[in-house]
Amino acid sequence: MDKLIISHNNTTLEVLAKIMNSYATKYNCTVKYNSDYNSLDFYGESGHKNAIAHETSYILNAG
């Protein structure tokens with residue numbers, strides 16, 4: 001298990017985890033919200049983290 005580092009405080013990490021997890025399943029990975037640490041826990045091949053983060057950023061910043 002690796003932590004995904006988020007550069008800003010976000011009170012909607014649980015929603016972000018669900019969005020990221022949608023992309024993560026494409027890579028046979030999982031992203032889950034950890035309420036104990038207010039973090040996103042990443043499960044899977046670490047080489048896919050950047051692709052998942054990039055795809056999520058693209059959809060959130062589009063428009």
# chains A, B, ... in the order shown; residues from 1 in each chain; ligands from 1

$ select_by_dssp --residues "chain A" --states "strand (DSSP E)" --output "VMD selection string"
chain A and resid 2 to 4 30 to 34 39 to 43

$ write_last_selection --atoms "C-alpha atoms" --output "tab-separated table (two decimals), in the first residue's frame"
chain	number	residue	atom	x	y	z
A	2	ASP	CA	1.30	3.44	-0.96
A	3	LYS	CA	-0.06	6.84	-0.05
A	4	LEU	CA	-0.98	9.31	-2.77
A	30	THR	CA	-7.74	0.69	-6.29
A	31	VAL	CA	-7.89	4.09	-4.59
A	32	LYS	CA	-9.71	4.28	-1.25
A	33	TYR	CA	-10.32	7.10	1.19
A	34	ASN	CA	-8.75	6.52	4.61
A	39	SER	CA	-5.62	10.36	2.96
A	40	LEU	CA	-6.06	8.38	-0.21
A	41	ASP	CA	-4.67	4.85	-0.07
A	42	PHE	CA	-3.43	3.40	-3.32
A	43	TYR	CA	-3.35	-0.34	-3.97

$ select_by_dssp --residues "chain A" --states "alpha helix (DSSP H)" --output "MDAnalysis selection string"
chainID A and resid 13:24 49:61

$ residues_around --residues "segment 51-61 of chain A" --least-positions-apart "4" --cutoff "10 Å" --atoms "only C-alpha atoms" --output "mmCIF file with N, CA and C atoms, in the first residue's frame"
data_model
loop_
_atom_site.group_PDB
_atom_site.id
_atom_site.type_symbol
_atom_site.label_atom_id
_atom_site.label_comp_id
_atom_site.auth_asym_id
_atom_site.auth_seq_id
_atom_site.Cartn_x
_atom_site.Cartn_y
_atom_site.Cartn_z
ATOM 1 N N LEU A 4 -1.015 8.298 -1.718
ATOM 2 C CA LEU A 4 -0.981 9.307 -2.767
ATOM 3 C C LEU A 4 -0.917 10.657 -2.076
ATOM 4 N N ILE A 6 -1.427 14.477 -1.799
ATOM 5 C CA ILE A 6 -2.244 15.553 -2.360
ATOM 6 C C ILE A 6 -1.638 16.867 -1.877
ATOM 7 N N LEU A 16 -13.216 12.488 -4.166
ATOM 8 C CA LEU A 16 -12.069 12.381 -5.054
ATOM 9 C C LEU A 16 -11.601 10.933 -5.163
ATOM 10 N N ALA A 17 -11.612 10.202 -4.068
ATOM 11 C CA ALA A 17 -11.222 8.788 -4.084
ATOM 12 C C ALA A 17 -12.127 7.986 -5.009
ATOM 13 N N ILE A 19 -13.793 9.110 -7.620
ATOM 14 C CA ILE A 19 -13.487 9.484 -9.002
ATOM 15 C C ILE A 19 -12.185 8.827 -9.442
ATOM 16 N N MET A 20 -11.162 8.911 -8.600
ATOM 17 C CA MET A 20 -9.877 8.315 -8.944
ATOM 18 C C MET A 20 -9.993 6.799 -9.079
ATOM 19 N N ASN A 21 -10.822 6.196 -8.249
ATOM 20 C CA ASN A 21 -10.981 4.755 -8.306
ATOM 21 C C ASN A 21 -11.603 4.314 -9.631
ATOM 22 N N SER A 22 -12.433 5.167 -10.201
ATOM 23 C CA SER A 22 -13.008 4.861 -11.513
ATOM 24 C C SER A 22 -11.904 4.701 -12.559
ATOM 25 N N TYR A 23 -10.906 5.556 -12.516
ATOM 26 C CA TYR A 23 -9.774 5.440 -13.420
ATOM 27 C C TYR A 23 -8.847 4.297 -13.009
ATOM 28 N N ALA A 24 -8.688 4.091 -11.726
ATOM 29 C CA ALA A 24 -7.773 3.063 -11.226
ATOM 30 C C ALA A 24 -8.186 1.659 -11.652
ATOM 31 N N THR A 25 -9.487 1.407 -11.737
ATOM 32 C CA THR A 25 -9.940 0.070 -12.122
ATOM 33 C C THR A 25 -9.470 -0.289 -13.525
ATOM 34 N N LYS A 26 -9.286 0.699 -14.374
ATOM 35 C CA LYS A 26 -8.777 0.478 -15.726
ATOM 36 C C LYS A 26 -7.370 -0.132 -15.689
ATOM 37 N N TYR A 27 -6.631 0.147 -14.620
ATOM 38 C CA TYR A 27 -5.264 -0.337 -14.454
ATOM 39 C C TYR A 27 -5.170 -1.475 -13.423
ATOM 40 N N CYS A 29 -6.063 -1.347 -10.360
ATOM 41 C CA CYS A 29 -5.631 -0.734 -9.106
ATOM 42 C C CYS A 29 -6.863 -0.256 -8.347
ATOM 43 N N VAL A 31 -8.142 2.912 -5.417
ATOM 44 C CA VAL A 31 -7.894 4.094 -4.586
ATOM 45 C C VAL A 31 -9.039 4.175 -3.595
ATOM 46 N N GLY A 47 3.660 2.094 -10.676
ATOM 47 C CA GLY A 47 3.888 2.759 -11.949
ATOM 48 C C GLY A 47 2.638 3.367 -12.564
#
